[in-house]
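Enquirer: Handing you a structure now.
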Amino acid sequence: MKKSIFKRCILRGIALALGLALMLLCSCSSVTESEEKDLIVVGFSQVGSESSWRVANSESMKQALCEKEGVELIFDDAKQKQENQYKAIRNFIQQQVDYIVLAPITETGWDDVLAEAKEAGIPVIIVDRQVDVEDDSLYTTWVGSDFLQEGKTATQWLKQELTDRGMNEEQVNILHVRGTDGATSQIFRTKALQDAVKENNNWSIVSVLDGEYTEALAYEATKSFLSNNPGAIEGIDVIYSENDNMTFGVLRALEEEGIKCGGEEGIIIISFDAVKSALERCYDGEISLCVECNPLHGPRVANLIRSLESGNKPRKKSYVNETYFTAETLSEEIIEERTY
Ligand code: GZL
């Protein structure tokens, strides 16, 4: 009995070793193929596909970093788990890619794995959210949004909207729907709201719901808020939701309870990203303010790589320009032109 188990283990070990060798051979062969075609091999570790914004961001990266642009892209979807991003980066290092692009799920926890990339001599480009590392030579450059400015745009608009409604002396109760804890976008959209609440003593955050940028979790969190706090929603004047997909989840839960949002009488809805389906609901008056967060980083990252390939030293940080939309500033043309 033992012998056959022993024999099975030996055979399994040989199969495993052959499998690993084959995998290594294939991965090397892909880099070799790219070398033959003189392609730049780029490993991209993407957060996941949690939101419409993220899907548009991935599409933009795939379109800009493709073979006809002289790039072989190795795309990895981390499914919103940082340990999957660690694995992807180590895999890129093993494959000796030319560049690593990282869209980090949260700001912390990157020092060790980025030190390994630096040790391997592979430049790292950070996109979208930022990394908080001891030594910023661990990455070459970052491109993304000014999330604090996005939040300030929202709170400054809200201040004016409340003034226009003659509510500056009234108690203003805010329901805060927060994105993935520790993501740069969450940290600074939240900071902007908290700062504004400190500056306006008639504003208060009555509850914080965590939706991790997904419609499903925001829907569930809203349903529990409604059932655990009967009648509380009647006292809510503003919902500050840190991305459109969470807003859709919140609106679905409120709709099921017959609660009106938007317009002159309904709850003021503030949402971030400004994807097409949110702009449509803003144009219809359901969402009061859409703050833009531009996901189309593909061409920006491709330009950064071209610049590095030519021996240039890009800025450490490049911010993209963004705007905001209300029913008054939107048009059918703007919505029609929205590609995501
Ligand atoms: C913002 C980005 C956020 C979006 C969400 O740049 O990190 O993550 O606002 C996405 O839609 O999930």
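Residue names in the structure tokens use chain letters A, B, ... in the order shown, residue numbers from 1 in each chain, and ligand numbers from 1 in the order shown.
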Please identify all polymer residues within 8 Å of Leu279 in chain A, counting only C-alpha atoms, omitting same-chain residues fewer than 2 positions from it, and present them as a tab-separated table (two decimals) with all heavy atoms, in the first residue's frame.
Expert:
```tsv
chain	number	residue	atom	x	y	z
A	274	ALA	N	-19.07	59.84	-13.06
A	274	ALA	CA	-19.74	60.45	-14.24
A	274	ALA	C	-19.67	59.52	-15.46
A	274	ALA	O	-19.33	59.93	-16.57
A	274	ALA	CB	-19.13	61.81	-14.58
A	275	VAL	N	-20.00	58.24	-15.21
A	275	VAL	CA	-20.13	57.32	-16.35
A	275	VAL	C	-21.45	57.62	-17.06
A	275	VAL	O	-22.35	58.25	-16.48
A	275	VAL	CB	-20.07	55.84	-15.90
A	275	VAL	CG1	-18.72	55.52	-15.28
A	275	VAL	CG2	-21.21	55.50	-14.95
A	276	LYS	N	-21.59	57.15	-18.28
A	276	LYS	CA	-22.73	57.51	-19.14
A	276	LYS	C	-24.06	57.28	-18.45
A	276	LYS	O	-24.95	58.15	-18.43
A	276	LYS	CB	-22.65	56.72	-20.44
A	276	LYS	CG	-23.70	57.12	-21.47
A	276	LYS	CD	-23.42	56.49	-22.81
A	276	LYS	CE	-24.37	57.01	-23.89
A	276	LYS	NZ	-23.91	56.61	-25.26
A	277	SER	N	-24.23	56.10	-17.83
A	277	SER	CA	-25.54	55.80	-17.22
A	277	SER	C	-25.83	56.71	-16.04
A	277	SER	O	-26.99	57.00	-15.74
A	277	SER	CB	-25.59	54.33	-16.80
A	277	SER	OG	-24.40	53.97	-16.14
A	281	ARG	N	-29.02	59.65	-15.72
A	281	ARG	CA	-29.90	59.82	-14.54
A	281	ARG	C	-29.73	61.21	-13.94
A	281	ARG	O	-30.60	61.72	-13.26
A	281	ARG	CB	-29.59	58.72	-13.52
A	281	ARG	CG	-29.92	57.34	-14.06
A	281	ARG	CD	-29.51	56.19	-13.19
A	281	ARG	NE	-30.45	55.93	-12.12
A	281	ARG	CZ	-30.52	54.76	-11.46
A	281	ARG	NH1	-29.72	53.76	-11.80
A	281	ARG	NH2	-31.37	54.56	-10.47
A	282	CYS	N	-28.60	61.83	-14.22
A	282	CYS	CA	-28.40	63.23	-13.79
A	282	CYS	C	-29.22	64.14	-14.69
A	282	CYS	O	-29.93	65.04	-14.21
A	282	CYS	CB	-26.91	63.56	-13.89
A	282	CYS	SG	-26.48	65.20	-13.26
A	283	TYR	N	-29.20	63.87	-15.97
A	283	TYR	CA	-29.95	64.67	-16.95
A	283	TYR	C	-31.45	64.59	-16.66
A	283	TYR	O	-32.19	65.56	-16.84
A	283	TYR	CB	-29.65	64.15	-18.36
A	283	TYR	CG	-30.09	65.06	-19.48
A	283	TYR	CD1	-29.76	66.41	-19.50
A	283	TYR	CD2	-30.85	64.56	-20.55
A	283	TYR	CE1	-30.16	67.24	-20.55
A	283	TYR	CE2	-31.25	65.37	-21.60
A	283	TYR	CZ	-30.90	66.71	-21.60
A	283	TYR	OH	-31.29	67.52	-22.64
A	290	CYS	N	-22.88	64.98	-10.79
A	290	CYS	CA	-21.93	63.93	-11.19
A	290	CYS	C	-20.55	64.57	-11.27
A	290	CYS	O	-20.31	65.47	-12.07
A	290	CYS	CB	-22.29	63.38	-12.56
A	290	CYS	SG	-23.64	62.21	-12.55
A	325	PHE	N	-20.88	67.61	-13.70
A	325	PHE	CA	-22.10	67.79	-14.49
A	325	PHE	C	-23.33	67.88	-13.59
A	325	PHE	O	-23.41	67.20	-12.56
A	325	PHE	CB	-22.29	66.58	-15.42
A	325	PHE	CG	-21.13	66.32	-16.35
A	325	PHE	CD1	-20.13	65.42	-16.02
A	325	PHE	CD2	-21.04	66.99	-17.58
A	325	PHE	CE1	-19.06	65.17	-16.87
A	325	PHE	CE2	-19.97	66.74	-18.44
A	325	PHE	CZ	-18.97	65.85	-18.08
A	330	LEU	N	-25.67	69.52	-18.53
A	330	LEU	CA	-25.65	68.38	-19.44
A	330	LEU	C	-26.47	68.64	-20.69
A	330	LEU	O	-27.32	69.54	-20.71
A	330	LEU	CB	-26.20	67.13	-18.72
A	330	LEU	CG	-25.17	66.36	-17.88
A	330	LEU	CD1	-25.86	65.34	-17.00
A	330	LEU	CD2	-24.13	65.69	-18.78
A	335	ILE	N	-23.97	63.44	-23.47
A	335	ILE	CA	-24.24	62.05	-23.05
A	335	ILE	C	-23.95	61.09	-24.20
A	335	ILE	O	-23.31	60.05	-24.02
A	335	ILE	CB	-25.68	61.91	-22.54
A	335	ILE	CG1	-25.84	62.71	-21.24
A	335	ILE	CG2	-26.04	60.44	-22.31
A	335	ILE	CD1	-27.25	62.83	-20.73
```
Enquirer: Write out as number ranges by chain each polymer residue (protein, DNA or RNA) that has an atom no more than 8 Å from ligand 1, with only C-alpha atoms and all ligand atoms counted.
Expert: A: 49-54, 105, 128-129, 144-145, 147, 179-180, 183-186, 212-214, 242-245, 272-273, 293-295
Enquirer: Near Glu309 in chain A, counting only C-alpha atoms, which residues have an atom at most 12 Å away, once you skip same-chain residues fewer than 5 positions from it, shown as a list in words?
Expert: Leu39, Ile40, Gly70, Val71, Asp98, Tyr99, Pro123, Ala302, Asn303, Leu304 and Pro314 of chain A
Enquirer: Using DSSP secondary structure from the backbone, list all helix (DSSP H, G or I) positions within range 173-266 of chain A, as an mmCIF file with C-alpha atoms, in the first residue's frame.
Expert:
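Result went into part26.cif, see below:
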```cif
data_model
loop_
_atom_site.group_PDB
_atom_site.id
_atom_site.type_symbol
_atom_site.label_atom_id
_atom_site.label_comp_id
_atom_site.auth_asym_id
_atom_site.auth_seq_id
_atom_site.Cartn_x
_atom_site.Cartn_y
_atom_site.Cartn_z
ATOM 1 C CA THR A 184 -6.658 57.013 -2.625
ATOM 2 C CA SER A 185 -10.012 57.885 -4.171
ATOM 3 C CA GLN A 186 -11.784 56.935 -0.938
ATOM 4 C CA ILE A 187 -9.273 58.648 1.344
ATOM 5 C CA PHE A 188 -9.516 62.014 -0.367
ATOM 6 C CA ARG A 189 -13.185 62.069 -1.415
ATOM 7 C CA THR A 190 -13.909 61.281 2.255
ATOM 8 C CA LYS A 191 -11.439 63.920 3.503
ATOM 9 C CA ALA A 192 -13.094 66.601 1.370
ATOM 10 C CA LEU A 193 -16.494 65.774 2.886
ATOM 11 C CA GLN A 194 -15.156 65.644 6.445
ATOM 12 C CA ASP A 195 -13.366 68.986 5.979
ATOM 13 C CA ALA A 196 -16.554 70.578 4.620
ATOM 14 C CA VAL A 197 -18.568 69.260 7.589
ATOM 15 C CA LYS A 198 -16.025 70.870 9.934
ATOM 16 C CA GLU A 199 -16.365 74.176 8.057
ATOM 17 C CA GLU A 215 -23.519 48.337 -6.647
ATOM 18 C CA ALA A 216 -24.313 45.108 -4.789
ATOM 19 C CA LEU A 217 -22.616 46.020 -1.497
ATOM 20 C CA ALA A 218 -24.033 49.557 -1.569
ATOM 21 C CA TYR A 219 -27.530 48.153 -2.160
ATOM 22 C CA GLU A 220 -27.167 45.723 0.773
ATOM 23 C CA ALA A 221 -25.698 48.422 3.053
ATOM 24 C CA THR A 222 -28.590 50.770 2.231
ATOM 25 C CA LYS A 223 -31.193 48.061 2.842
ATOM 26 C CA SER A 224 -29.690 47.343 6.285
ATOM 27 C CA PHE A 225 -29.492 51.066 7.073
ATOM 28 C CA LEU A 226 -33.194 51.442 6.222
ATOM 29 C CA SER A 227 -34.273 48.398 8.226
ATOM 30 C CA ASN A 228 -32.043 49.162 11.249
ATOM 31 C CA ALA A 232 -34.162 57.836 9.527
ATOM 32 C CA ILE A 233 -34.184 58.293 5.761
ATOM 33 C CA GLU A 234 -36.874 60.976 6.126
ATOM 34 C CA GLY A 235 -34.255 63.115 7.869
ATOM 35 C CA ASP A 244 -21.713 55.797 -9.556
ATOM 36 C CA ASN A 245 -22.119 52.047 -9.124
ATOM 37 C CA MET A 246 -22.672 52.484 -5.381
ATOM 38 C CA THR A 247 -25.113 55.297 -6.194
ATOM 39 C CA PHE A 248 -27.079 52.927 -8.427
ATOM 40 C CA GLY A 249 -27.256 50.425 -5.556
ATOM 41 C CA VAL A 250 -28.428 53.093 -3.115
ATOM 42 C CA LEU A 251 -31.058 54.414 -5.531
ATOM 43 C CA ARG A 252 -32.384 50.892 -6.156
ATOM 44 C CA ALA A 253 -32.803 50.317 -2.403
ATOM 45 C CA LEU A 254 -34.520 53.699 -1.908
ATOM 46 C CA GLU A 255 -36.756 53.172 -4.926
ATOM 47 C CA GLU A 256 -37.991 49.899 -3.394
#
```
Enquirer: Grab the CA of Gly258 in chain A to CA of Gln171 in chain A distance for me, in Å with one decimal place.
Expert: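 Rounded to one decimal, the two atoms are 23.6 Å apart.
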Enquirer: Name all residues at most 8 Å from range 88-90 of chain A (count only C-alpha atoms; drop same-chain ones fewer than 2 positions away) and give them as a PDB file with all heavy atoms, in the first residue's frame.
Expert:
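Writing done, so here's selection-v8.pdb:
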```
ATOM      1  N   GLY A  43       3.602  44.363 -18.118  1.00  0.00           N
ATOM      2  CA  GLY A  43       2.727  43.607 -17.206  1.00  0.00           C
ATOM      3  C   GLY A  43       1.835  44.598 -16.464  1.00  0.00           C
ATOM      4  O   GLY A  43       2.339  45.529 -15.845  1.00  0.00           O
ATOM      5  N   SER A  45      -1.076  45.090 -13.613  1.00  0.00           N
ATOM      6  CA  SER A  45      -1.882  44.521 -12.522  1.00  0.00           C
ATOM      7  C   SER A  45      -3.050  45.459 -12.240  1.00  0.00           C
ATOM      8  O   SER A  45      -2.875  46.554 -11.705  1.00  0.00           O
ATOM      9  CB  SER A  45      -1.013  44.361 -11.263  1.00  0.00           C
ATOM     10  OG  SER A  45      -1.836  44.021 -10.162  1.00  0.00           O
ATOM     11  N   ASP A  76      -3.476  41.375 -15.804  1.00  0.00           N
ATOM     12  CA  ASP A  76      -3.914  40.524 -14.693  1.00  0.00           C
ATOM     13  C   ASP A  76      -5.005  41.232 -13.890  1.00  0.00           C
ATOM     14  O   ASP A  76      -4.828  42.369 -13.452  1.00  0.00           O
ATOM     15  CB  ASP A  76      -2.741  40.203 -13.746  1.00  0.00           C
ATOM     16  CG  ASP A  76      -3.190  39.295 -12.602  1.00  0.00           C
ATOM     17  OD1 ASP A  76      -3.167  38.078 -12.776  1.00  0.00           O
ATOM     18  OD2 ASP A  76      -3.632  39.833 -11.553  1.00  0.00           O
ATOM     19  N   ALA A  78      -6.907  41.414 -10.521  1.00  0.00           N
ATOM     20  CA  ALA A  78      -6.654  40.949  -9.145  1.00  0.00           C
ATOM     21  C   ALA A  78      -7.927  40.649  -8.367  1.00  0.00           C
ATOM     22  O   ALA A  78      -7.880  40.270  -7.203  1.00  0.00           O
ATOM     23  CB  ALA A  78      -5.844  42.002  -8.394  1.00  0.00           C
ATOM     24  N   ASN A  84      -3.402  39.145  -4.757  1.00  0.00           N
ATOM     25  CA  ASN A  84      -3.341  38.757  -6.185  1.00  0.00           C
ATOM     26  C   ASN A  84      -2.456  39.719  -6.974  1.00  0.00           C
ATOM     27  O   ASN A  84      -1.810  39.336  -7.950  1.00  0.00           O
ATOM     28  CB  ASN A  84      -4.753  38.727  -6.788  1.00  0.00           C
ATOM     29  CG  ASN A  84      -5.573  37.576  -6.239  1.00  0.00           C
ATOM     30  OD1 ASN A  84      -5.041  36.634  -5.657  1.00  0.00           O
ATOM     31  ND2 ASN A  84      -6.890  37.674  -6.371  1.00  0.00           N
ATOM     32  N   GLN A  85      -2.437  40.987  -6.501  1.00  0.00           N
ATOM     33  CA  GLN A  85      -1.549  41.940  -7.185  1.00  0.00           C
ATOM     34  C   GLN A  85      -0.083  41.604  -6.871  1.00  0.00           C
ATOM     35  O   GLN A  85       0.771  41.718  -7.756  1.00  0.00           O
ATOM     36  CB  GLN A  85      -1.904  43.381  -6.787  1.00  0.00           C
ATOM     37  CG  GLN A  85      -3.319  43.782  -7.265  1.00  0.00           C
ATOM     38  CD  GLN A  85      -3.554  45.270  -7.336  1.00  0.00           C
ATOM     39  OE1 GLN A  85      -3.724  45.914  -6.288  1.00  0.00           O
ATOM     40  NE2 GLN A  85      -3.571  45.826  -8.527  1.00  0.00           N
ATOM     41  N   TYR A  86       0.181  41.189  -5.637  1.00  0.00           N
ATOM     42  CA  TYR A  86       1.547  40.758  -5.302  1.00  0.00           C
ATOM     43  C   TYR A  86       1.972  39.621  -6.242  1.00  0.00           C
ATOM     44  O   TYR A  86       3.060  39.638  -6.823  1.00  0.00           O
ATOM     45  CB  TYR A  86       1.628  40.240  -3.865  1.00  0.00           C
ATOM     46  CG  TYR A  86       1.425  41.258  -2.763  1.00  0.00           C
ATOM     47  CD1 TYR A  86       1.019  40.848  -1.500  1.00  0.00           C
ATOM     48  CD2 TYR A  86       1.625  42.615  -2.968  1.00  0.00           C
ATOM     49  CE1 TYR A  86       0.827  41.763  -0.464  1.00  0.00           C
ATOM     50  CE2 TYR A  86       1.445  43.547  -1.946  1.00  0.00           C
ATOM     51  CZ  TYR A  86       1.046  43.103  -0.704  1.00  0.00           C
ATOM     52  OH  TYR A  86       0.850  44.013   0.322  1.00  0.00           O
ATOM     53  N   PHE A  92       5.334  38.946 -13.189  1.00  0.00           N
ATOM     54  CA  PHE A  92       5.910  39.836 -14.214  1.00  0.00           C
ATOM     55  C   PHE A  92       7.436  39.886 -14.073  1.00  0.00           C
ATOM     56  O   PHE A  92       8.155  39.901 -15.075  1.00  0.00           O
ATOM     57  CB  PHE A  92       5.348  41.248 -14.072  1.00  0.00           C
ATOM     58  CG  PHE A  92       3.856  41.370 -14.283  1.00  0.00           C
ATOM     59  CD1 PHE A  92       3.139  42.362 -13.624  1.00  0.00           C
ATOM     60  CD2 PHE A  92       3.167  40.507 -15.113  1.00  0.00           C
ATOM     61  CE1 PHE A  92       1.752  42.499 -13.816  1.00  0.00           C
ATOM     62  CE2 PHE A  92       1.796  40.618 -15.299  1.00  0.00           C
ATOM     63  CZ  PHE A  92       1.099  41.617 -14.654  1.00  0.00           C
ATOM     64  N   ILE A  93       7.906  39.942 -12.818  1.00  0.00           N
ATOM     65  CA  ILE A  93       9.362  39.988 -12.570  1.00  0.00           C
ATOM     66  C   ILE A  93      10.012  38.719 -13.112  1.00  0.00           C
ATOM     67  O   ILE A  93      11.015  38.758 -13.824  1.00  0.00           O
ATOM     68  CB  ILE A  93       9.658  40.158 -11.062  1.00  0.00           C
ATOM     69  CG1 ILE A  93       9.172  41.538 -10.578  1.00  0.00           C
ATOM     70  CG2 ILE A  93      11.157  39.986 -10.770  1.00  0.00           C
ATOM     71  CD1 ILE A  93       9.192  41.713  -9.062  1.00  0.00           C
ATOM     72  N   GLN A  94       9.369  37.585 -12.822  1.00  0.00           N
ATOM     73  CA  GLN A  94       9.915  36.292 -13.270  1.00  0.00           C
ATOM     74  C   GLN A  94       9.964  36.245 -14.801  1.00  0.00           C
ATOM     75  O   GLN A  94      10.902  35.733 -15.393  1.00  0.00           O
ATOM     76  CB  GLN A  94       9.005  35.171 -12.746  1.00  0.00           C
ATOM     77  CG  GLN A  94       9.581  33.782 -12.906  1.00  0.00           C
ATOM     78  CD  GLN A  94       8.559  32.720 -12.508  1.00  0.00           C
ATOM     79  OE1 GLN A  94       7.351  32.966 -12.569  1.00  0.00           O
ATOM     80  NE2 GLN A  94       9.035  31.572 -12.124  1.00  0.00           N
ATOM     81  N   ILE A 100       6.343  47.368 -15.528  1.00  0.00           N
ATOM     82  CA  ILE A 100       5.197  46.948 -14.714  1.00  0.00           C
ATOM     83  C   ILE A 100       4.302  48.173 -14.527  1.00  0.00           C
ATOM     84  O   ILE A 100       4.794  49.247 -14.166  1.00  0.00           O
ATOM     85  CB  ILE A 100       5.641  46.393 -13.351  1.00  0.00           C
ATOM     86  CG1 ILE A 100       6.327  45.031 -13.536  1.00  0.00           C
ATOM     87  CG2 ILE A 100       4.449  46.251 -12.392  1.00  0.00           C
ATOM     88  CD1 ILE A 100       6.990  44.480 -12.290  1.00  0.00           C
ATOM     89  N   VAL A 113       7.196  44.355  -2.437  1.00  0.00           N
ATOM     90  CA  VAL A 113       7.070  43.820  -3.806  1.00  0.00           C
ATOM     91  C   VAL A 113       7.628  44.811  -4.834  1.00  0.00           C
ATOM     92  O   VAL A 113       8.244  44.403  -5.833  1.00  0.00           O
ATOM     93  CB  VAL A 113       5.603  43.423  -4.115  1.00  0.00           C
ATOM     94  CG1 VAL A 113       4.714  44.637  -4.323  1.00  0.00           C
ATOM     95  CG2 VAL A 113       5.531  42.484  -5.320  1.00  0.00           C
ATOM     96  N   GLU A 116      11.320  44.471  -4.945  1.00  0.00           N
ATOM     97  CA  GLU A 116      11.743  43.325  -5.785  1.00  0.00           C
ATOM     98  C   GLU A 116      11.771  43.728  -7.261  1.00  0.00           C
ATOM     99  O   GLU A 116      12.675  43.356  -8.005  1.00  0.00           O
ATOM    100  CB  GLU A 116      10.781  42.147  -5.569  1.00  0.00           C
ATOM    101  CG  GLU A 116      10.873  41.530  -4.174  1.00  0.00           C
ATOM    102  CD  GLU A 116       9.723  40.570  -3.888  1.00  0.00           C
ATOM    103  OE1 GLU A 116       9.254  39.898  -4.827  1.00  0.00           O
ATOM    104  OE2 GLU A 116       9.267  40.513  -2.728  1.00  0.00           O
ATOM    105  N   ALA A 117      10.781  44.540  -7.673  1.00  0.00           N
ATOM    106  CA  ALA A 117      10.777  45.000  -9.075  1.00  0.00           C
ATOM    107  C   ALA A 117      11.976  45.902  -9.327  1.00  0.00           C
ATOM    108  O   ALA A 117      12.654  45.793 -10.357  1.00  0.00           O
ATOM    109  CB  ALA A 117       9.473  45.742  -9.362  1.00  0.00           C
TER     110      ALA A 117
END
```
Enquirer: Show me, as number ranges by chain, the residues that have an atom within 6 Å of range 58-65 of chain A when counting only C-alpha atoms, minus same-chain residues fewer than 4 positions from it.
Expert: A: 71, 296, 298-299
Enquirer: Would you list, as an mmCIF file with C-alpha atoms, in the first residue's frame, the residues of range 25-256 of chain A that end up in strand (DSSP E or B) under DSSP run on this structure's backbone?
Expert:
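Output below, filename selection_33.cif:
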```
data_model
loop_
_atom_site.group_PDB
_atom_site.id
_atom_site.type_symbol
_atom_site.label_atom_id
_atom_site.label_comp_id
_atom_site.auth_asym_id
_atom_site.auth_seq_id
_atom_site.Cartn_x
_atom_site.Cartn_y
_atom_site.Cartn_z
ATOM 1 C CA ILE A 40 7.811 46.186 -25.352
ATOM 2 C CA VAL A 41 6.448 43.713 -22.811
ATOM 3 C CA VAL A 42 4.215 45.393 -20.210
ATOM 4 C CA GLY A 43 2.727 43.607 -17.206
ATOM 5 C CA PHE A 44 -0.418 45.381 -15.934
ATOM 6 C CA SER A 45 -1.882 44.521 -12.522
ATOM 7 C CA GLN A 46 -5.461 45.806 -12.498
ATOM 8 C CA VAL A 71 3.423 46.534 -26.959
ATOM 9 C CA GLU A 72 2.724 43.050 -25.685
ATOM 10 C CA LEU A 73 0.364 43.538 -22.714
ATOM 11 C CA ILE A 74 0.139 40.905 -19.990
ATOM 12 C CA PHE A 75 -3.095 41.839 -18.171
ATOM 13 C CA ASP A 76 -3.914 40.524 -14.693
ATOM 14 C CA ASP A 77 -7.258 41.102 -12.921
ATOM 15 C CA TYR A 99 7.601 47.625 -17.554
ATOM 16 C CA ILE A 100 5.197 46.948 -14.714
ATOM 17 C CA VAL A 101 2.020 49.044 -14.540
ATOM 18 C CA LEU A 102 0.158 48.876 -11.229
ATOM 19 C CA VAL A 124 7.055 50.622 -12.324
ATOM 20 C CA ILE A 125 4.299 53.002 -13.444
ATOM 21 C CA ILE A 126 1.464 53.603 -10.973
ATOM 22 C CA VAL A 127 -1.947 54.455 -12.431
ATOM 23 C CA THR A 141 5.891 57.860 -12.244
ATOM 24 C CA TRP A 142 2.149 58.067 -11.402
ATOM 25 C CA VAL A 143 -0.801 59.287 -13.455
ATOM 26 C CA GLY A 144 -4.340 59.740 -12.137
ATOM 27 C CA VAL A 172 -28.265 69.359 6.807
ATOM 28 C CA ASN A 173 -28.032 65.602 7.374
ATOM 29 C CA ILE A 174 -25.673 63.648 5.101
ATOM 30 C CA LEU A 175 -25.525 59.909 4.392
ATOM 31 C CA HIS A 176 -21.944 59.057 3.354
ATOM 32 C CA VAL A 177 -21.471 56.029 1.053
ATOM 33 C CA ARG A 178 -17.748 55.203 1.079
ATOM 34 C CA TRP A 203 -23.849 69.942 8.272
ATOM 35 C CA SER A 204 -23.559 66.501 9.857
ATOM 36 C CA ILE A 205 -22.760 62.992 8.618
ATOM 37 C CA VAL A 206 -25.496 60.853 10.172
ATOM 38 C CA SER A 207 -24.178 57.503 8.933
ATOM 39 C CA VAL A 208 -21.367 55.979 6.843
ATOM 40 C CA LEU A 209 -22.125 52.993 4.585
ATOM 41 C CA ASP A 210 -19.294 50.926 3.029
ATOM 42 C CA VAL A 238 -27.920 64.624 1.048
ATOM 43 C CA ILE A 239 -26.371 61.318 -0.063
ATOM 44 C CA TYR A 240 -22.627 61.642 -0.848
ATOM 45 C CA SER A 241 -21.726 58.475 -2.751
#
```
Enquirer: Give me, as JSON, numbers by chain, all polymer residues having an atom no more than 7 Å from range 152-163 of chain A, counting only C-alpha atoms and skipping those fewer than 2 positions away in the same chain.
Expert: {"A": [148, 149, 150, 165, 166, 167, 168, 192, 193, 196, 291]}
Enquirer: Counting only C-alpha atoms, which residue out of A:Thr326, A:Ser310, A:Gly211, A:Tyr319 sits closest to Ile269 in chain A?
Expert: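 Nearest to Ile269 in chain A: A:Thr326.
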Enquirer: Enter the distance from CA of Ser271 in chain A to CA of Ile334 in chain A, in Å, rounded to one decimal.
Expert: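 Here the two named atoms are 17.5 Å from each other.
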Enquirer: Between A:Asp181, A:Asp237, A:Glu170, A:Glu292, which is the closest to Ile267 in chain A once you count only C-alpha atoms?
Expert: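 Closest to Ile267 in chain A, using only C-alpha atoms: A:Asp237.
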